[in-house]
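A.B. asks: Enclosed is the structure file input01.txt (compact mmCIF, C-alpha atoms).
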```
# COMPACT_ATOMS: atom_id res chain seq x y z
CA ALA A 1 134.64 -171.80 107.99
CA ASN A 2 132.06 -170.91 110.62
CA PRO A 3 131.82 -167.46 112.26
CA LEU A 4 133.82 -166.87 115.40
CA TYR A 5 130.82 -166.27 117.69
CA GLY A 6 128.23 -168.31 115.80
CA ARG A 7 126.82 -165.43 113.71
CA TYR A 8 128.41 -163.57 110.81
CA ASN A 9 128.71 -159.80 111.22
CA ARG A 10 128.45 -158.05 107.84
CA HIS A 11 129.99 -154.90 109.35
CA LYS A 12 133.30 -156.72 109.93
CA SER A 13 135.74 -158.24 107.49
CA LEU A 14 135.93 -161.93 106.72
CA SER A 15 139.21 -162.21 108.60
CA GLU A 16 137.62 -160.81 111.76
CA ASN A 17 134.57 -163.05 111.46
CA VAL A 18 136.37 -166.38 111.04
CA ASN A 19 139.48 -165.40 113.05
CA LEU A 20 141.89 -166.19 110.23
CA PRO A 21 144.56 -163.83 108.84
CA ASN A 22 144.25 -162.41 105.33
CA SER A 23 147.58 -164.02 104.43
CA LEU A 24 145.94 -167.43 104.91
CA LEU A 25 142.60 -166.53 103.31
CA SER A 26 144.40 -165.29 100.19
CA ARG A 27 145.56 -168.86 99.51
CA PHE A 28 141.99 -169.86 98.63
CA ASP A 29 141.09 -169.35 94.98
CA LEU A 30 137.43 -168.54 95.68
CA LEU A 31 135.64 -167.45 98.85
CA PHE A 32 131.84 -167.29 98.89
CA LEU A 33 129.80 -166.03 101.81
CA ILE A 34 126.67 -168.11 102.50
CA LEU A 35 124.36 -166.63 105.13
CA ASP A 36 121.40 -168.28 106.82
CA ILE A 37 118.85 -165.49 106.36
CA ALA A 38 115.30 -166.01 107.60
CA ASN A 39 112.87 -166.52 104.72
CA VAL A 40 109.39 -167.95 105.17
CA ASP A 41 109.24 -169.83 101.86
CA ARG A 42 112.74 -171.31 102.03
CA ASP A 43 112.42 -172.16 105.72
CA MET A 44 109.08 -173.87 105.11
CA ALA A 45 110.48 -175.90 102.20
CA LEU A 46 113.55 -176.93 104.20
CA ALA A 47 111.49 -177.93 107.24
CA ARG A 48 109.15 -180.01 105.11
CA HIS A 49 112.04 -181.73 103.37
CA VAL A 50 113.82 -182.61 106.64
CA THR A 51 110.54 -183.83 108.18
CA LEU A 52 109.77 -185.93 105.12
CA VAL A 53 113.21 -187.55 105.16
CA HIS A 54 112.89 -188.52 108.83
CA GLN A 55 109.29 -189.60 108.35
CA ASN A 56 110.22 -192.03 105.55
CA GLU A 57 113.49 -193.16 107.09
CA GLY A 58 113.87 -196.91 106.71
CA LEU A 59 111.08 -197.19 104.15
CA ASP A 60 113.29 -196.77 101.10
CA LYS A 61 114.65 -200.31 101.29
CA THR A 62 111.14 -201.73 101.59
CA ASP A 63 110.01 -199.73 98.54
CA ASP A 64 113.02 -200.94 96.57
CA ARG A 65 112.22 -204.54 97.40
CA GLU A 66 108.61 -204.07 96.34
CA LYS A 67 109.72 -202.50 93.07
CA GLU A 68 112.07 -205.41 92.40
CA ASP A 69 109.27 -207.89 93.07
CA ASP A 70 106.93 -205.96 90.79
CA SER A 71 109.53 -205.82 88.04
CA ASP A 72 110.11 -209.56 88.30
CA GLY A 73 106.38 -210.18 87.99
CA GLU A 74 106.13 -207.89 84.97
CA ASP A 75 109.01 -209.71 83.31
CA ASP A 76 107.22 -213.01 83.74
CA MET A 77 104.04 -211.55 82.23
CA ASP A 78 105.97 -210.08 79.32
CA GLU A 79 107.40 -213.47 78.46
CA ASP A 80 103.89 -214.89 78.08
CA GLY A 81 102.24 -211.72 76.74
CA PRO A 82 102.56 -209.71 73.54
CA ALA A 83 106.02 -208.60 72.46
CA ASP A 84 105.04 -204.96 71.95
CA ARG A 85 104.24 -204.55 75.65
CA GLY A 86 107.82 -205.28 76.62
CA THR A 87 109.06 -202.90 73.95
CA SER A 88 106.94 -200.02 75.24
CA THR A 89 108.07 -200.65 78.82
CA ALA A 90 111.73 -200.62 77.80
CA ALA A 91 111.21 -197.42 75.83
CA THR A 92 109.62 -195.74 78.87
CA LYS A 93 112.55 -196.76 81.06
CA ASP A 94 115.01 -195.38 78.51
CA ASP A 95 113.17 -192.06 78.39
CA ASP A 96 113.24 -191.78 82.18
CA ALA A 97 116.92 -192.69 82.31
CA THR A 98 117.93 -189.91 79.91
CA ASP A 99 116.63 -187.27 82.31
CA ILE A 100 119.04 -188.26 85.10
CA VAL A 101 122.84 -188.13 85.07
CA THR A 102 124.01 -191.15 87.01
CA PRO A 103 126.94 -191.01 89.46
CA ARG A 104 128.83 -193.39 87.18
CA VAL A 105 128.65 -190.89 84.30
CA VAL A 106 129.79 -188.05 86.57
CA ARG A 107 132.74 -190.08 87.83
CA GLU A 108 133.72 -191.02 84.28
CA TYR A 109 133.46 -187.37 83.19
CA ILE A 110 135.71 -186.22 86.05
CA CYS A 111 138.17 -189.03 85.37
CA ARG A 112 138.50 -188.05 81.70
CA ALA A 113 138.78 -184.35 82.53
CA ARG A 114 141.68 -185.04 84.89
CA ARG A 115 143.65 -186.59 82.05
CA HIS A 116 144.07 -183.18 80.43
CA GLN A 117 146.79 -180.79 81.58
CA PRO A 118 145.91 -177.49 79.85
CA VAL A 119 148.63 -174.97 79.11
CA VAL A 120 148.43 -171.28 78.28
CA PRO A 121 149.08 -170.75 74.54
CA PRO A 122 151.29 -167.86 73.41
CA ASP A 123 148.34 -165.87 72.03
CA VAL A 124 146.43 -166.00 75.36
CA ALA A 125 149.36 -165.14 77.67
CA PRO A 126 149.40 -161.39 76.75
CA TYR A 127 145.64 -161.29 77.25
CA ILE A 128 146.02 -162.59 80.82
CA VAL A 129 148.79 -160.10 81.57
CA GLU A 130 146.74 -157.20 80.23
CA ALA A 131 143.68 -158.31 82.20
CA TYR A 132 145.66 -158.57 85.44
CA VAL A 133 147.29 -155.15 84.99
CA SER A 134 143.90 -153.58 84.22
CA LEU A 135 142.39 -155.11 87.34
CA ARG A 136 145.27 -153.82 89.44
CA LEU A 137 144.85 -150.31 88.03
CA GLN A 138 141.12 -150.33 88.73
CA GLU A 139 141.49 -151.51 92.31
CA LYS A 140 144.57 -149.59 93.39
CA ARG A 141 142.32 -147.10 95.19
CA SER A 142 140.57 -149.85 97.11
CA SER A 143 141.37 -150.00 100.82
CA ASN A 144 139.74 -153.37 101.43
CA ASP A 145 142.49 -155.92 102.06
CA GLN A 146 140.27 -158.96 101.67
CA THR A 147 139.25 -158.06 98.11
CA ALA A 148 142.54 -156.59 96.85
CA MET A 149 143.95 -157.96 93.60
CA THR A 150 147.34 -159.53 94.35
CA ALA A 151 149.78 -161.86 92.60
CA ARG A 152 148.09 -164.78 94.32
CA GLN A 153 144.85 -163.74 92.65
CA LEU A 154 146.66 -163.98 89.31
CA LEU A 155 147.66 -167.56 90.15
CA SER A 156 144.07 -168.27 91.15
CA ILE A 157 142.82 -166.97 87.80
CA LEU A 158 145.32 -169.23 86.00
CA ARG A 159 144.25 -172.29 88.00
CA LEU A 160 140.55 -171.57 87.43
CA SER A 161 141.18 -171.06 83.71
CA GLN A 162 142.93 -174.40 83.50
CA ALA A 163 140.08 -176.08 85.40
CA LEU A 164 137.55 -174.61 82.97
CA ALA A 165 139.62 -175.88 80.05
CA ARG A 166 139.56 -179.36 81.56
CA LEU A 167 135.77 -179.23 81.65
CA ARG A 168 135.91 -178.82 77.87
CA PHE A 169 138.44 -181.68 77.54
CA SER A 170 140.87 -179.18 76.06
CA ASP A 171 144.66 -179.04 76.38
CA PHE A 172 144.77 -175.27 75.86
CA VAL A 173 143.33 -172.37 77.84
CA ALA A 174 141.06 -170.10 75.80
CA ARG A 175 140.17 -166.45 76.33
CA GLN A 176 136.64 -167.33 77.40
CA ASP A 177 138.15 -169.47 80.16
CA VAL A 178 140.11 -166.48 81.43
CA ASP A 179 137.04 -164.22 81.30
CA GLU A 180 134.96 -166.76 83.22
CA ALA A 181 137.72 -167.17 85.83
CA ILE A 182 137.85 -163.39 86.34
CA ARG A 183 134.06 -163.26 86.59
CA LEU A 184 134.08 -165.95 89.28
CA THR A 185 136.78 -164.04 91.16
CA HIS A 186 134.66 -160.88 91.11
CA MET A 187 131.57 -162.78 92.24
CA SER A 188 133.58 -164.21 95.12
CA LYS A 189 134.71 -160.74 96.18
CA ALA A 190 131.22 -159.29 95.79
CA SER A 191 129.80 -161.86 98.22
CA LEU A 192 132.21 -160.63 100.91
CA GLU A 193 131.29 -156.96 100.61
CA ASP A 194 128.85 -155.30 102.98
CA PRO A 195 125.79 -154.17 100.94
CA THR A 196 124.92 -151.50 103.52
CA GLY A 197 128.20 -149.71 102.86
CA SER A 198 129.17 -149.54 106.51
CA ALA A 199 132.40 -151.42 106.12
CA SER A 200 133.31 -150.78 102.50
CA GLY A 201 133.34 -147.07 102.12
CA GLY A 202 129.88 -146.17 100.88
CA LEU A 203 128.69 -149.00 98.67
CA GLU A 204 125.07 -148.13 99.32
CA SER A 205 124.89 -145.74 96.37
CA THR A 206 126.58 -148.32 94.12
CA VAL A 207 124.04 -151.00 95.01
CA ARG A 208 121.16 -148.63 94.30
CA GLU A 209 122.46 -147.82 90.82
CA ASP A 210 121.06 -149.69 87.88
CA VAL A 211 123.19 -152.09 85.86
CA THR A 212 123.76 -149.65 82.99
CA SER A 213 125.16 -147.00 85.32
CA ARG A 214 127.45 -149.51 87.00
CA ILE A 215 128.81 -150.75 83.66
CA PHE A 216 129.35 -147.15 82.55
CA GLN A 217 131.26 -146.47 85.76
CA VAL A 218 133.48 -149.51 85.14
CA LEU A 219 134.26 -148.36 81.60
CA ARG A 220 134.94 -144.81 82.74
CA GLU A 221 137.41 -146.00 85.39
CA TYR A 222 139.10 -148.27 82.84
CA SER A 223 139.37 -145.44 80.34
CA ALA A 224 140.84 -143.10 82.93
CA ALA A 225 143.34 -145.70 84.13
CA SER A 226 144.49 -146.56 80.60
CA GLY A 227 144.92 -142.89 79.67
CA ASN A 228 142.42 -143.08 76.81
CA ASP A 229 139.56 -140.74 77.68
CA GLN A 230 138.13 -140.62 74.17
CA GLU A 231 136.58 -144.01 73.44
CA VAL A 232 136.56 -147.72 74.31
CA ASP A 233 135.94 -150.26 71.58
CA PHE A 234 133.02 -152.65 71.91
CA ARG A 235 135.07 -155.84 72.41
CA THR A 236 137.02 -154.24 75.25
CA ALA A 237 133.81 -152.95 76.83
CA GLU A 238 132.21 -156.39 76.58
CA ALA A 239 135.25 -158.06 78.13
CA MET A 240 135.33 -155.53 80.98
CA ALA A 241 131.63 -156.08 81.73
CA ILE A 242 132.07 -159.87 81.77
CA ARG A 243 135.05 -159.62 84.10
CA LYS A 244 132.99 -157.57 86.53
CA GLY A 245 130.25 -160.19 86.58
CA PHE A 246 127.59 -158.50 84.41
```
If you took the structure in this file and wrote it as structure tokens, what would it be?
C.D. replies:
Amino acid sequence: ANPLYGRYNRHKSLSENVNLPNSLLSRFDLLFLILDIANVDRDMALARHVTLVHQNEGLDKTDDREKEDDSDGEDDMDEDGPADRGTSTAATKDDDATDIVTPRVVREYICRARRHQPVVPPDVAPYIVEAYVSLRLQEKRSSNDQTAMTARQLLSILRLSQALARLRFSDFVARQDVDEAIRLTHMSKASLEDPTGSASGGLESTVREDVTSRIFQVLREYSAASGNDQEVDFRTAEAMAIRKGF
């Protein structure tokens, strides 16, 4: 979706920028904010690429024809020449081909992945429930409607987990799929937040903190919400950090 007035205002919510209600935006599993920020290096590279494409427009077919003619000529020479020359040429082509994934391979991969319909096994279901409840407890003090954890977010996490399982050609959702789905959800929400803190209640100090302090804050909030102020085991701490995108 494009901004309402042609430019995205970081001091306003996503709903105000694209003129869509939060009830409709919540139906999307992931929302990422992509801004066109002025950068000399990126702008220079983009301008050169666009100029090069237009400069060479129409020449690709001519180059392809020349390559075909050259390949035909080389084949004729190989028939009359030594056999090892043709072998070395074929080996070079094979080496070049292994570096590129062809569209045919990608289509076949997607086709095979779609054949799988992953389900949530009994041992992973409690893990998803616990993760969702923990996320709700951590974000119950959040006043930002566009990043609130709702039941629809739970369905999004389930769909993303199943999609990740399909990428592995698996019929069962694993815990690492759930953790990756939660991480993607957090990354999506983080892209919508205002880094200056103007519209999100003072995020400026959070952004300035180092990663260790932010992870410690996450664990402290989890410990307080769960009622266990004494200690958090390493596996739980690792899972919490992954879910938050660290």
A.B. asks: Just how far from CA of Asn39 (chain A) is CA of Glu57 (chain A), in Å to one decimal?
C.D. replies: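 Separation of CA of Glu57 (chain A) and CA of Asn39 (chain A): 26.8 Å.
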A.B. asks: Please list as a ChimeraX atom specification every residue within 7 Å of Ser188 (chain A), counting all atoms listed in the file and excluding residues in the same chain fewer than 3 positions away.
C.D. replies: /A:30-32,184-185,191-192
A.B. asks: Would you please work out which residue, of A:Gln138, A:Gln162, A:Thr51, A:Ser156, is nearest to Ala113 (chain A) when using only C-alpha atoms?
C.D. replies: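 Of all the options, A:Gln162 lies closest to Ala113 (chain A).
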A.B. asks: Between A:Arg235, A:Arg243, A:Arg214, A:Arg136, which is the closest to Leu154 (chain A) once you count only C-alpha atoms?
C.D. replies: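 With only C-alpha atoms as the atom set, the closest residue is A:Arg136.
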A.B. asks: Give me the residues near Glu231 (chain A) as number ranges by chain, where near means some atom within 10 Å (using all atoms listed in the file) and where sequence neighbours in that chain fewer than 6 positions away do not count.
C.D. replies: A: 219-220, 223, 237
A.B. asks: Go ahead and dump the residues you just picked, C-alpha atoms, as an mmCIF file, in the coordinates of the input.
C.D. replies:
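Final output, again-v2.cif:
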```
data_model
loop_
_atom_site.group_PDB
_atom_site.id
_atom_site.type_symbol
_atom_site.label_atom_id
_atom_site.label_comp_id
_atom_site.auth_asym_id
_atom_site.auth_seq_id
_atom_site.Cartn_x
_atom_site.Cartn_y
_atom_site.Cartn_z
ATOM 1 C CA LEU A 219 134.260 -148.360 81.600
ATOM 2 C CA ARG A 220 134.940 -144.810 82.740
ATOM 3 C CA SER A 223 139.370 -145.440 80.340
ATOM 4 C CA ALA A 237 133.810 -152.950 76.830
#
```
A.B. asks: For region 129-134 of chain A, what centre and edge lengths in Å (one decimal) does the axis-aligned box get once 8 Å is added on each side of all its listed atoms, as lines of an AutoDock Vina configuration file?
C.D. replies:
```
center_x = 146.2
center_y = -156.8
center_z = 82.8
size_x = 21.1
size_y = 22.5
size_z = 21.2
```
A.B. asks: Just the number, please: distance in Å from CA of Val119 (chain A) to CA of Leu164 (chain A), one decimal.
C.D. replies: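 Computing it gives 11.7 Å between the two atoms.
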A.B. asks: Which distance in Å separates CA of Arg107 (chain A) and CA of Ile157 (chain A), to one decimal?
C.D. replies: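 Taking CA of Arg107 (chain A) as the start and CA of Ile157 (chain A) as the end point, the length is 25.2 Å.
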A.B. asks: Could you list, as a ChimeraX atom specification, every residue within 10 Å of Ala125 (chain A), counting only C-alpha atoms and ignoring same-chain residues fewer than 5 positions away?
C.D. replies: /A:119-120,130-131,173-175
A.B. asks: From the options A:Ala1, A:Ala181, A:Leu52, A:Val106, which residue's atoms come nearest to Asn17 (chain A), counting all atoms listed in the file?
C.D. replies: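 Distance minimum relative to Asn17 (chain A) lands on A:Ala1.
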A.B. asks: Please provide the set of residues having any atom within 7 Å of Val18 (chain A), restricted to all atoms listed in the file, with same-chain residues fewer than 2 positions apart removed, written as a ChimeraX atom specification.
C.D. replies: /A:1-4,14-16,20
A.B. asks: Using only C-alpha atoms, please write the residues we just selected to a file, as a short mmCIF file (atom, residue, chain, number, x, y, z; two decimals), in the coordinates of the input.
C.D. replies:
```cif
data_model
loop_
_atom_site.label_atom_id
_atom_site.label_comp_id
_atom_site.auth_asym_id
_atom_site.auth_seq_id
_atom_site.Cartn_x
_atom_site.Cartn_y
_atom_site.Cartn_z
CA ALA A 1 134.64 -171.80 107.99
CA ASN A 2 132.06 -170.91 110.62
CA PRO A 3 131.82 -167.46 112.26
CA LEU A 4 133.82 -166.87 115.40
CA LEU A 14 135.93 -161.93 106.72
CA SER A 15 139.21 -162.21 108.60
CA GLU A 16 137.62 -160.81 111.76
CA LEU A 20 141.89 -166.19 110.23
#
```
A.B. asks: Any idea what's packed within 9 Å of Arg115 (chain A), counting all atoms listed in the file, ignoring anything in its chain fewer than 4 positions away? Could you give it as a list in words?
C.D. replies: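 Near neighbours after the sequence-gap exclusion: Ile110, Cys111, Arg166 and Phe169 of chain A.
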A.B. asks: Of the candidates A:Arg42, A:Arg168, A:Arg183, A:Arg7, which one gets nearest to Pro118 (chain A) if we count all atoms listed in the file?
C.D. replies: A:Arg168
A.B. asks: Here is a test: counting all atoms listed in the file, which residue of A:Ile242, A:Glu193, A:Pro122, A:Arg152 is nearest to Val178 (chain A)?
C.D. replies: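 Residue with the minimum atom-to-atom distance to Val178 (chain A): A:Ile242.
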A.B. asks: Name the closest residue to Asp177 (chain A) among the candidates A:Leu46, A:Val133, A:Lys189, A:Ala239; distances are taken between atoms, counting only C-alpha atoms.
C.D. replies: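 The closest residue to Asp177 (chain A) is A:Ala239.
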